[in-house]
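The file start32.txt contains compact mmCIF, C-alpha atoms and all ligand atoms:
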# COMPACT_ATOMS: atom_id res chain seq x y z
CA MET K 23 91.76 95.79 104.47
CA ARG K 24 89.95 96.79 101.33
CA ARG K 25 92.50 97.84 98.68
CA ILE K 26 91.65 100.19 95.86
CA TYR K 27 93.91 100.64 92.86
CA LEU K 28 93.86 104.09 91.27
CA ASP K 29 97.30 103.96 89.65
CA ASN K 30 96.49 102.37 86.31
CA ASN K 31 98.79 104.70 84.34
CA ALA K 32 101.69 102.99 86.15
CA THR K 33 100.46 99.49 85.32
CA THR K 34 97.12 97.73 85.02
CA PRO K 35 95.82 94.48 86.48
CA LEU K 36 96.07 91.51 84.12
CA ALA K 37 92.67 90.74 82.61
CA PRO K 38 91.51 87.19 83.54
CA GLU K 39 90.97 86.41 79.83
CA VAL K 40 94.58 87.41 79.15
CA PHE K 41 95.82 85.11 81.90
CA GLU K 42 93.76 82.23 80.47
CA ALA K 43 95.18 82.83 77.00
CA MET K 44 98.77 82.85 78.32
CA LYS K 45 98.51 79.77 80.55
CA PRO K 46 99.13 77.06 77.92
CA TYR K 47 102.30 78.83 76.76
CA LEU K 48 103.65 78.92 80.31
CA ALA K 49 102.59 75.38 81.16
CA SER K 50 102.62 72.97 78.24
CA ASP K 51 103.03 74.64 74.85
CA TYR K 52 106.76 75.22 74.77
CA GLY K 53 108.95 75.63 71.74
CA ASN K 54 111.23 78.08 69.99
CA ALA K 55 109.27 79.94 67.34
CA SER K 56 112.27 79.67 64.99
CA SER K 57 112.32 75.84 65.08
CA ILE K 58 110.87 73.99 62.11
CA HIS K 59 109.38 71.10 64.09
CA TRP K 60 105.86 70.95 65.48
CA PHE K 61 106.77 72.50 68.83
CA GLY K 62 108.34 75.49 67.13
CA GLN K 63 105.62 75.96 64.56
CA ASN K 64 102.93 75.67 67.22
CA VAL K 65 104.28 78.64 69.19
CA LYS K 66 105.17 80.50 66.00
CA ALA K 67 101.49 80.38 65.02
CA ALA K 68 100.53 81.75 68.43
CA VAL K 69 102.96 84.66 68.09
CA GLU K 70 101.66 85.45 64.59
CA THR K 71 98.06 85.43 65.81
CA ALA K 72 99.11 87.86 68.54
CA ARG K 73 100.82 90.07 65.99
CA GLU K 74 97.58 90.21 63.98
CA GLN K 75 95.59 91.09 67.09
CA VAL K 76 97.97 93.95 67.88
CA ALA K 77 97.88 95.13 64.25
CA ARG K 78 94.08 95.13 64.28
CA LEU K 79 94.01 97.42 67.31
CA LEU K 80 95.91 99.96 65.19
CA GLY K 81 94.39 99.36 61.77
CA ALA K 82 97.86 98.23 60.68
CA ARG K 83 99.25 95.17 58.86
CA ALA K 84 100.75 92.37 60.93
CA ARG K 85 104.12 92.71 59.19
CA GLU K 86 104.31 96.32 60.39
CA ILE K 87 104.34 95.22 64.04
CA VAL K 88 107.70 94.66 65.77
CA LEU K 89 107.28 92.96 69.13
CA THR K 90 109.55 94.39 71.83
CA SER K 91 110.18 94.04 75.55
CA GLY K 92 107.79 96.92 76.26
CA GLY K 93 107.00 100.54 75.65
CA THR K 94 110.47 101.73 76.62
CA GLU K 95 112.15 99.54 74.03
CA ALA K 96 109.58 100.51 71.40
CA ASP K 97 110.31 104.21 72.01
CA ASN K 98 114.07 103.62 71.90
CA LEU K 99 113.81 101.50 68.76
CA ALA K 100 111.78 104.20 67.01
CA ILE K 101 114.20 106.99 67.90
CA PHE K 102 117.58 105.27 67.60
CA GLY K 103 116.25 103.17 64.72
CA ILE K 104 115.30 106.17 62.57
CA LEU K 105 118.41 108.14 63.53
CA GLY K 106 120.63 105.15 62.83
CA ALA K 107 119.13 104.65 59.39
CA ALA K 108 119.30 108.35 58.41
CA ARG K 109 122.20 108.94 56.07
CA GLN K 110 122.87 112.65 56.39
CA LYS K 111 125.66 113.92 58.60
CA GLU K 112 123.86 116.64 60.54
CA LYS K 113 120.81 115.29 62.35
CA HIS K 114 118.08 117.02 64.29
CA ILE K 115 114.99 115.68 66.00
CA ILE K 116 111.95 117.41 67.45
CA THR K 117 110.14 116.17 70.52
CA SER K 118 108.23 117.78 73.38
CA SER K 119 109.06 118.75 76.93
CA ILE K 120 106.38 116.43 78.36
CA GLU K 121 107.43 113.09 76.88
CA HIS K 122 107.79 109.92 78.91
CA HIS K 123 111.34 109.34 80.14
CA ALA K 124 111.75 106.62 77.52
CA VAL K 125 111.64 109.33 74.83
CA MET K 126 113.09 112.21 76.80
CA ASN K 127 116.17 110.33 77.98
CA ALA K 128 116.67 108.79 74.54
CA GLY K 129 116.81 112.41 73.32
CA LYS K 130 119.36 113.27 76.01
CA ALA K 131 121.51 110.29 74.95
CA LEU K 132 121.33 111.42 71.33
CA GLU K 133 122.50 114.89 72.32
CA GLN K 134 125.60 113.26 73.80
CA GLN K 135 126.18 111.72 70.39
CA GLY K 136 126.04 115.11 68.70
CA VAL K 137 122.43 114.99 67.50
CA GLU K 138 120.53 118.24 67.98
CA VAL K 139 117.26 117.86 69.87
CA THR K 140 114.47 120.42 70.16
CA TYR K 141 112.19 119.92 73.18
CA LEU K 142 109.07 121.90 72.30
CA ARG K 143 107.38 123.83 75.05
CA VAL K 144 103.71 123.14 75.71
CA GLY K 145 100.93 125.48 76.79
CA SER K 146 100.01 125.63 80.47
CA GLU K 147 97.31 123.05 79.77
CA GLY K 148 99.95 120.61 78.51
CA ILE K 149 99.34 120.55 74.78
CA VAL K 150 101.85 120.98 71.95
CA ASP K 151 100.99 123.67 69.39
CA PRO K 152 101.36 122.16 65.88
CA ASP K 153 102.55 125.56 64.60
CA ASP K 154 105.52 125.28 66.95
CA VAL K 155 106.38 121.95 65.36
CA GLY K 156 106.34 123.55 61.91
CA ARG K 157 108.56 126.39 63.09
CA ALA K 158 111.10 124.01 64.65
CA ILE K 159 111.67 122.05 61.44
CA ARG K 160 115.12 122.41 59.87
CA PRO K 161 116.63 120.94 56.71
CA GLU K 162 118.42 118.35 58.86
CA THR K 163 115.33 117.27 60.88
CA VAL K 164 114.96 113.49 60.53
CA LEU K 165 112.36 112.65 63.16
CA ILE K 166 109.50 114.20 65.09
CA SER K 167 108.37 112.30 68.19
CA ILE K 168 105.34 113.61 70.07
CA MET K 169 103.38 111.42 72.46
CA HIS K 170 99.68 110.71 71.87
CA ALA K 171 98.49 111.01 75.49
CA ASN K 172 100.51 112.07 78.49
CA ASN K 173 100.96 109.60 81.32
CA GLU K 174 100.94 112.19 84.12
CA ILE K 175 98.18 114.60 83.20
CA GLY K 176 96.42 112.64 80.46
CA THR K 177 96.39 115.42 77.87
CA ILE K 178 95.86 114.30 74.29
CA GLN K 179 98.14 115.84 71.68
CA PRO K 180 97.01 116.95 68.21
CA VAL K 181 98.79 114.01 66.59
CA PRO K 182 97.00 114.08 63.19
CA GLU K 183 97.86 117.78 62.69
CA ILE K 184 101.50 117.25 63.67
CA ALA K 185 101.73 114.13 61.48
CA ARG K 186 100.45 116.15 58.51
CA ILE K 187 103.17 118.75 59.04
CA ALA K 188 105.80 116.02 59.30
CA ALA K 189 104.56 114.37 56.11
CA GLU K 190 104.61 117.67 54.21
CA HIS K 191 108.30 117.95 55.04
CA ASP K 192 109.11 114.26 54.46
CA ILE K 193 110.08 113.77 58.08
CA TYR K 194 109.32 110.54 59.93
CA PHE K 195 106.81 110.89 62.73
CA HIS K 196 106.68 108.73 65.85
CA THR K 197 104.08 108.80 68.60
CA ASP K 198 104.16 107.09 71.98
CA ALA K 199 100.61 105.75 72.27
CA VAL K 200 101.24 103.63 75.36
CA GLN K 201 98.66 105.57 77.40
CA SER K 202 96.06 106.19 74.72
CA ALA K 203 95.71 102.55 73.63
CA GLY K 204 92.39 101.12 74.71
CA LYS K 205 91.13 104.51 75.87
CA ILE K 206 90.73 106.55 72.70
CA PRO K 207 90.57 105.46 69.03
CA LEU K 208 93.96 104.49 67.66
CA ASN K 209 94.21 104.07 63.92
CA VAL K 210 97.59 104.59 62.27
CA GLU K 211 96.01 105.80 59.01
CA GLU K 212 93.80 108.33 60.75
CA LEU K 213 96.67 109.47 62.94
CA GLY K 214 99.03 109.56 59.96
CA VAL K 215 102.01 108.25 61.93
CA ASP K 216 105.03 106.30 60.67
CA LEU K 217 105.91 104.76 64.02
CA LEU K 218 103.82 104.14 67.14
CA SER K 219 104.72 102.59 70.51
CA LEU K 220 102.54 100.30 72.62
CA SER K 221 102.98 98.49 75.92
CA ALA K 222 100.97 95.43 76.96
CA HIS K 223 100.91 96.10 80.69
CA LYS K 224 99.11 99.43 80.26
CA ILE K 225 96.16 97.65 78.60
CA HIS K 226 95.67 94.75 81.04
CA GLY K 227 98.31 92.58 79.40
CA PRO K 228 101.54 91.25 80.95
CA GLN K 229 104.61 93.33 81.82
CA GLY K 230 107.71 92.99 79.67
CA VAL K 231 106.13 93.02 76.22
CA GLY K 232 105.18 95.79 73.83
CA ALA K 233 105.33 96.70 70.18
CA LEU K 234 106.50 99.26 67.72
CA TYR K 235 104.36 99.86 64.65
CA VAL K 236 106.65 100.64 61.72
CA ARG K 237 104.91 101.83 58.56
CA ARG K 238 105.83 99.74 55.53
CA GLY K 239 108.93 101.14 53.83
CA THR K 240 110.26 103.01 56.89
CA PRO K 241 113.99 102.35 57.24
CA LEU K 242 114.96 101.29 60.75
CA ARG K 243 118.27 100.24 62.23
CA PRO K 244 117.83 97.57 64.93
CA LEU K 245 118.84 98.09 68.54
CA LEU K 246 119.58 94.39 69.00
CA TYR K 247 121.56 92.17 66.65
CA GLY K 248 121.34 88.40 66.55
CA GLY K 249 119.01 86.06 64.70
CA HIS K 250 116.56 87.07 61.99
CA HIS K 251 113.63 87.55 64.35
CA GLU K 252 110.97 90.19 63.74
CA ARG K 253 112.03 90.58 60.09
CA ASP K 254 115.53 91.58 61.14
CA ARG K 255 114.27 94.47 63.21
CA ARG K 256 114.58 92.95 66.68
CA ALA K 257 116.72 89.89 67.38
CA GLY K 258 116.01 87.50 70.23
CA THR K 259 113.81 84.47 70.90
CA GLU K 260 110.20 85.56 71.08
CA ASN K 261 108.48 86.02 74.43
CA VAL K 262 105.70 83.66 73.39
CA ALA K 263 103.47 83.78 76.47
CA GLY K 264 103.96 87.54 76.67
CA ALA K 265 103.07 88.01 73.01
CA VAL K 266 99.95 85.83 73.40
CA GLY K 267 98.85 87.84 76.42
CA PHE K 268 99.53 91.10 74.61
CA GLY K 269 97.52 89.89 71.61
CA LYS K 270 94.55 89.00 73.80
CA ALA K 271 94.77 92.34 75.64
CA ALA K 272 94.94 94.19 72.30
CA GLU K 273 91.93 92.28 71.01
CA MET K 274 89.97 93.25 74.11
CA ALA K 275 91.12 96.88 73.84
CA ALA K 276 89.95 96.95 70.22
CA ASN K 277 86.52 95.57 71.16
CA PRO K 278 85.52 97.16 74.46
CA ALA K 279 82.22 96.11 76.00
CA ALA K 280 79.38 98.55 75.32
CA GLY K 281 79.68 101.59 77.56
CA GLU K 282 82.96 100.45 79.10
CA ILE K 283 85.04 103.52 78.29
CA GLU K 284 82.16 105.86 79.13
CA GLY K 285 81.85 103.99 82.43
CA VAL K 286 85.49 104.70 83.29
CA ALA K 287 85.01 108.36 82.33
CA ARG K 288 81.94 108.57 84.57
CA LEU K 289 83.87 107.15 87.54
CA ARG K 290 86.76 109.55 86.93
CA ASP K 291 84.32 112.47 86.72
CA GLN K 292 82.56 111.35 89.90
CA LEU K 293 85.86 111.11 91.74
CA GLU K 294 86.97 114.49 90.48
CA SER K 295 83.73 116.35 91.11
CA GLY K 296 83.42 114.70 94.51
CA ILE K 297 86.87 115.95 95.47
CA LEU K 298 86.30 119.43 94.05
CA ALA K 299 82.99 119.71 95.91
CA ASN K 300 84.31 118.53 99.26
CA VAL K 301 87.88 119.73 99.46
CA PRO K 302 88.77 123.44 99.17
CA GLN K 303 91.78 124.69 97.20
CA VAL K 304 92.02 121.90 94.65
CA ARG K 305 92.75 122.51 90.97
CA ILE K 306 92.78 120.29 87.89
CA ASN K 307 96.18 120.05 86.20
CA GLY K 308 96.23 119.86 82.42
CA ASP K 309 93.34 120.32 80.03
CA PRO K 310 89.99 119.29 81.57
CA GLN K 311 88.56 118.46 78.13
CA ARG K 312 91.33 117.19 75.90
CA ARG K 313 92.52 114.38 78.15
CA LEU K 314 92.17 110.66 78.68
CA PRO K 315 88.85 109.57 80.19
CA SER K 316 90.69 107.66 82.91
CA THR K 317 93.14 110.21 84.32
CA SER K 318 92.73 112.99 86.86
CA ASN K 319 95.70 115.00 88.02
CA LEU K 320 94.87 117.36 90.88
CA GLU K 321 96.80 119.95 92.80
CA PHE K 322 95.95 120.01 96.51
CA SER K 323 97.41 123.28 97.79
CA TYR K 324 99.53 122.91 100.96
CA VAL K 325 99.55 119.12 100.70
CA GLU K 326 102.87 117.34 100.34
CA GLY K 327 102.32 114.77 97.59
CA GLU K 328 104.50 111.93 98.88
CA GLY K 329 102.89 112.24 102.30
CA PHE K 330 99.48 112.12 100.68
CA VAL K 331 100.29 108.98 98.71
CA ILE K 332 101.60 107.25 101.84
CA ALA K 333 98.63 108.34 103.99
CA MET K 334 96.16 107.16 101.34
CA ASP K 335 98.08 103.89 100.98
CA LEU K 336 97.79 103.28 104.73
CA LYS K 337 94.04 103.52 104.23
CA GLY K 338 94.17 101.15 101.28
CA VAL K 339 94.02 103.54 98.32
CA ALA K 340 96.84 103.50 95.75
CA CYS K 341 97.46 106.69 93.75
CA SER K 342 100.65 108.47 92.77
CA THR K 343 102.52 111.74 92.60
CA GLY K 344 103.09 111.37 88.87
CA ALA K 345 105.13 108.99 86.77
CA ALA K 346 106.07 105.85 88.67
CA CYS K 347 109.62 106.22 87.39
CA SER K 348 110.08 109.74 88.78
CA SER K 349 108.34 109.13 92.10
CA GLY K 350 110.93 108.95 94.82
CA SER K 351 113.18 111.51 93.19
CA LEU K 352 113.30 114.97 94.74
CA GLU K 353 113.22 116.82 91.43
CA PRO K 354 109.76 118.04 90.48
CA SER K 355 108.37 116.18 87.47
CA HIS K 356 109.46 117.60 84.10
CA VAL K 357 105.84 117.50 82.99
CA MET K 358 104.76 119.73 85.87
CA SER K 359 107.59 122.16 85.17
CA ALA K 360 106.63 122.18 81.49
CA ILE K 361 103.07 123.24 82.32
CA ARG K 362 104.51 126.13 84.40
CA LYS K 363 103.88 124.65 87.83
CA THR K 364 106.09 125.91 90.62
CA ALA K 365 108.05 123.31 92.57
CA ASP K 366 105.47 123.65 95.38
CA GLN K 367 102.55 123.15 93.02
CA ALA K 368 104.26 120.14 91.44
CA ARG K 369 104.90 118.61 94.86
CA SER K 370 101.21 119.05 95.74
CA SER K 371 99.94 117.29 92.63
CA ILE K 372 98.42 113.83 92.68
CA ARG K 373 97.50 111.53 89.84
CA PHE K 374 94.48 109.25 90.02
CA SER K 375 94.24 106.84 87.10
CA LEU K 376 91.37 104.42 86.62
CA SER K 377 90.62 101.34 84.55
CA ARG K 378 87.62 99.20 83.67
CA PHE K 379 88.27 97.19 86.83
CA ASN K 380 87.39 100.09 89.11
CA THR K 381 83.90 100.30 90.59
CA MET K 382 81.57 102.94 91.98
CA GLU K 383 82.31 101.53 95.45
CA ASP K 384 86.02 102.24 94.89
CA ILE K 385 85.21 105.87 94.18
CA GLN K 386 82.79 106.24 97.09
CA HIS K 387 85.28 104.71 99.48
CA THR K 388 88.05 106.99 98.20
CA LEU K 389 85.81 110.03 98.58
CA GLU K 390 85.04 109.03 102.15
CA ILE K 391 88.66 108.94 103.29
CA LEU K 392 90.30 111.57 101.10
CA PRO K 393 89.03 114.82 102.67
CA GLY K 394 90.27 113.73 106.11
CA VAL K 395 93.72 112.88 104.74
CA VAL K 396 93.98 116.27 103.02
CA GLU K 397 92.85 118.12 106.12
CA HIS K 398 95.30 116.26 108.32
CA LEU K 399 98.26 116.93 106.00
CA ARG K 400 97.32 120.59 105.68
CA SER K 401 97.14 120.94 109.45
CA LEU K 402 100.82 119.89 109.48
CA SER K 403 101.78 122.54 106.92
CA PRO K 404 103.13 125.73 108.51
CA ARG K 405 101.91 127.76 105.53
CA TYR K 406 98.33 126.56 105.51
CA LYS K 407 95.61 128.83 106.84
CA LYS K 408 92.21 127.24 107.13
CA PRO K 409 89.75 129.25 105.02
CA VAL K 410 87.40 131.24 107.21
CA ALA K 411 83.75 130.41 106.68
CA VAL K 412 81.67 133.43 105.61
C1 LIG P 1 104.54 103.12 80.78
C2 LIG P 1 104.92 104.02 79.66
C3 LIG P 1 106.02 103.73 78.84
C4 LIG P 1 106.96 102.58 79.12
O1 LIG P 1 106.40 101.34 78.87
P1 LIG P 1 107.06 100.05 79.56
O2 LIG P 1 106.36 98.90 78.90
O3 LIG P 1 106.75 100.15 81.01
O4 LIG P 1 108.52 100.08 79.26
C5 LIG P 1 106.29 104.56 77.79
N1 LIG P 1 105.52 105.62 77.53
C6 LIG P 1 104.45 105.94 78.29
C7 LIG P 1 103.62 107.12 77.92
C8 LIG P 1 104.12 105.15 79.37
O5 LIG P 1 103.07 105.48 80.13

Rewritten as structure tokens:
Amino acid sequence: MRRIYLDNNATTPLAPEVFEAMKPYLASDYGNASSIHWFGQNVKAAVETAREQVARLLGARAREIVLTSGGTEADNLAIFGILGAARQKEKHIITSSIEHHAVMNAGKALEQQGVEVTYLRVGSEGIVDPDDVGRAIRPETVLISIMHANNEIGTIQPVPEIARIAAEHDIYFHTDAVQSAGKIPLNVEELGVDLLSLSAHKIHGPQGVGALYVRRGTPLRPLLYGGHHERDRRAGTENVAGAVGFGKAAEMAANPAAGEIEGVARLRDQLESGILANVPQVRINGDPQRRLPSTSNLEFSYVEGEGFVIAMDLKGVACSTGAACSSGSLEPSHVMSAIRKTADQARSSIRFSLSRFNTMEDIQHTLEILPGVVEHLRSLSPRYKKPVAV
């Protein structure tokens, strides 16, 4: 059966070039990057090249990049790292109500430790109002963490405006840029951020590796203690092959082929307009303009999302009901609740997320099978009344 992958916000296929770059470090080029002999220095050089490649994607310096086990660890390191280094007694952080679980649940854990956390509401299109950030600031605010692009609905937050407000108040600002990397420009100077999270497997790199950008001079308490790796910010023997793959993926993300991102946007638009033209009672979730070029989140009234994902999967098309981590739970997604969706609307919402590996044939094939799946599921819904043709 032909299989089509439209769940790239969950993870992306490894780019062949990335696999090629990693191979030697899985097969023959072993060594501990802390060893002083040839084997160690050989892999150390590979890790440092990767660090430079990641830094270049962000317009940062290599020494500002802390390699981690992924986006989740980068988010946790940013939040607990800043909080742990802050000296005052009363601490407050500001984040949003649509963050990835890696930030949201870090906030919940901090609340247990007595830190006050403000979860800013967003508008119904899923965007944080920078004025709300300004209003939430208190004398004891030590960190603001607002994601760059949302993983469920793709909305892009006004990060430069929020970063300016944070800087005016001398508050550290972190952004989770895991989803925006490789899709929209990502320059730490233009964004004005102090900390920024990345994950390799969302940009066609391997799973289990990511990075936190830490602006020079930003105090950070480590999460992990051990050797002096990563300039004392993250102990543990380097994941050499992972770092090399991440570096290659970052290099490719920083230098996309001509028209590549526009091509993904065109496919997403074709998928979306094809669905809207052929299936009644479908609505776009989030902001149709200010969103990633690769993401489409649609509400199919009277369609049960899990059933839709399974029915599409049986026909070879992979999509999702939202964040991979919250799929399977009965609670509606916190992002959907935050954009004022009812539980029913949230349950009827489907995320399609594309990458440069998708083709026009993928979209055509999806558009051929999707209307039938929707119609079938609606026919099973007791509440659905077929619109009467006029
Ligand atoms: C996937 C994702 C993460 C987590 O990254 P991992 O490398 O899978 O731990 C964090 N934030 C966002 C926005 C993501 O999409």

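For ligand LIG 1 (chain P), the protein and nucleic acid residues at most 7 Å away, judged by all atoms listed in the file, amount to Asn31, Ala32, Gly92, Gly93, Thr94, Glu95, His122, Ala124, Met169, Ala171, Asn172, Asn173, Asp198, Ala199, Val200, Gln201, Ser221, Ala222, His223, Lys224, Gln229, Gly230, Val231 and Gly232 of chain K.
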
List every protein, DNA or RNA residue with an atom no more than 9 Å from (87.5, 105.0, 72.1) in the file's coordinates, counting only C-alpha atoms, and format the result as a short mmCIF file (atom, residue, chain, number, x, y, z; two decimals) with C-alpha atoms, keeping the file's coordinate frame.
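Produced file selection-v6.cif, reproduced below:
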data_model
loop_
_atom_site.label_atom_id
_atom_site.label_comp_id
_atom_site.auth_asym_id
_atom_site.auth_seq_id
_atom_site.Cartn_x
_atom_site.Cartn_y
_atom_site.Cartn_z
CA ALA K 203 95.71 102.55 73.63
CA GLY K 204 92.39 101.12 74.71
CA LYS K 205 91.13 104.51 75.87
CA ILE K 206 90.73 106.55 72.70
CA PRO K 207 90.57 105.46 69.03
CA LEU K 208 93.96 104.49 67.66
CA ALA K 276 89.95 96.95 70.22
CA PRO K 278 85.52 97.16 74.46
CA ILE K 283 85.04 103.52 78.29
CA GLU K 284 82.16 105.86 79.13
#

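Counting from CA of Pro38 (chain K), the distance to CA of Pro228 (chain K) is 11.1 Å.
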
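Checking K:His226, K:Pro310, K:Leu48, K:Ser119 one by one against Met274 (chain K), counting all atoms listed in the file, you find the shortest gap at K:His226.
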
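Reported to one decimal place, the separation of CA of Ser323 (chain K) from CA of Glu397 (chain K) is 10.8 Å.
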
Select, from K:Ala107, K:Ile26, K:Ala68, K:Ala158, the residue with the minimum atom-to-atom distance to Met44 (chain K), counting only C-alpha atoms.
K:Ala68

Quick check, in Å to one decimal: how far apart do CA of Glu212 (chain K) and CA of Gly103 (chain K) lie?
23.4 Å

Mind checking which residues fall within 8 Å of Ser118 (chain K), counting only C-alpha atoms, ignoring those fewer than 6 positions away in the same chain, and posting them as a VMD selection string?
chain K and resid 140 to 144 150 167 to 168

Box along x, y and z, 4 Å on every side, all listed atoms of region 131-150 of chain K inside: centre and edge lengths in Å to one decimal, as lines of an AutoDock Vina configuration file.
center_x = 111.7
center_y = 118.0
center_z = 74.0
size_x = 36.9
size_y = 23.3
size_z = 21.0

Of the residues K:Ile159, K:Ile116, K:Ile104, K:Leu132, which is the one nearest to Gly239 (chain K), using all atoms listed in the file?
K:Ile104
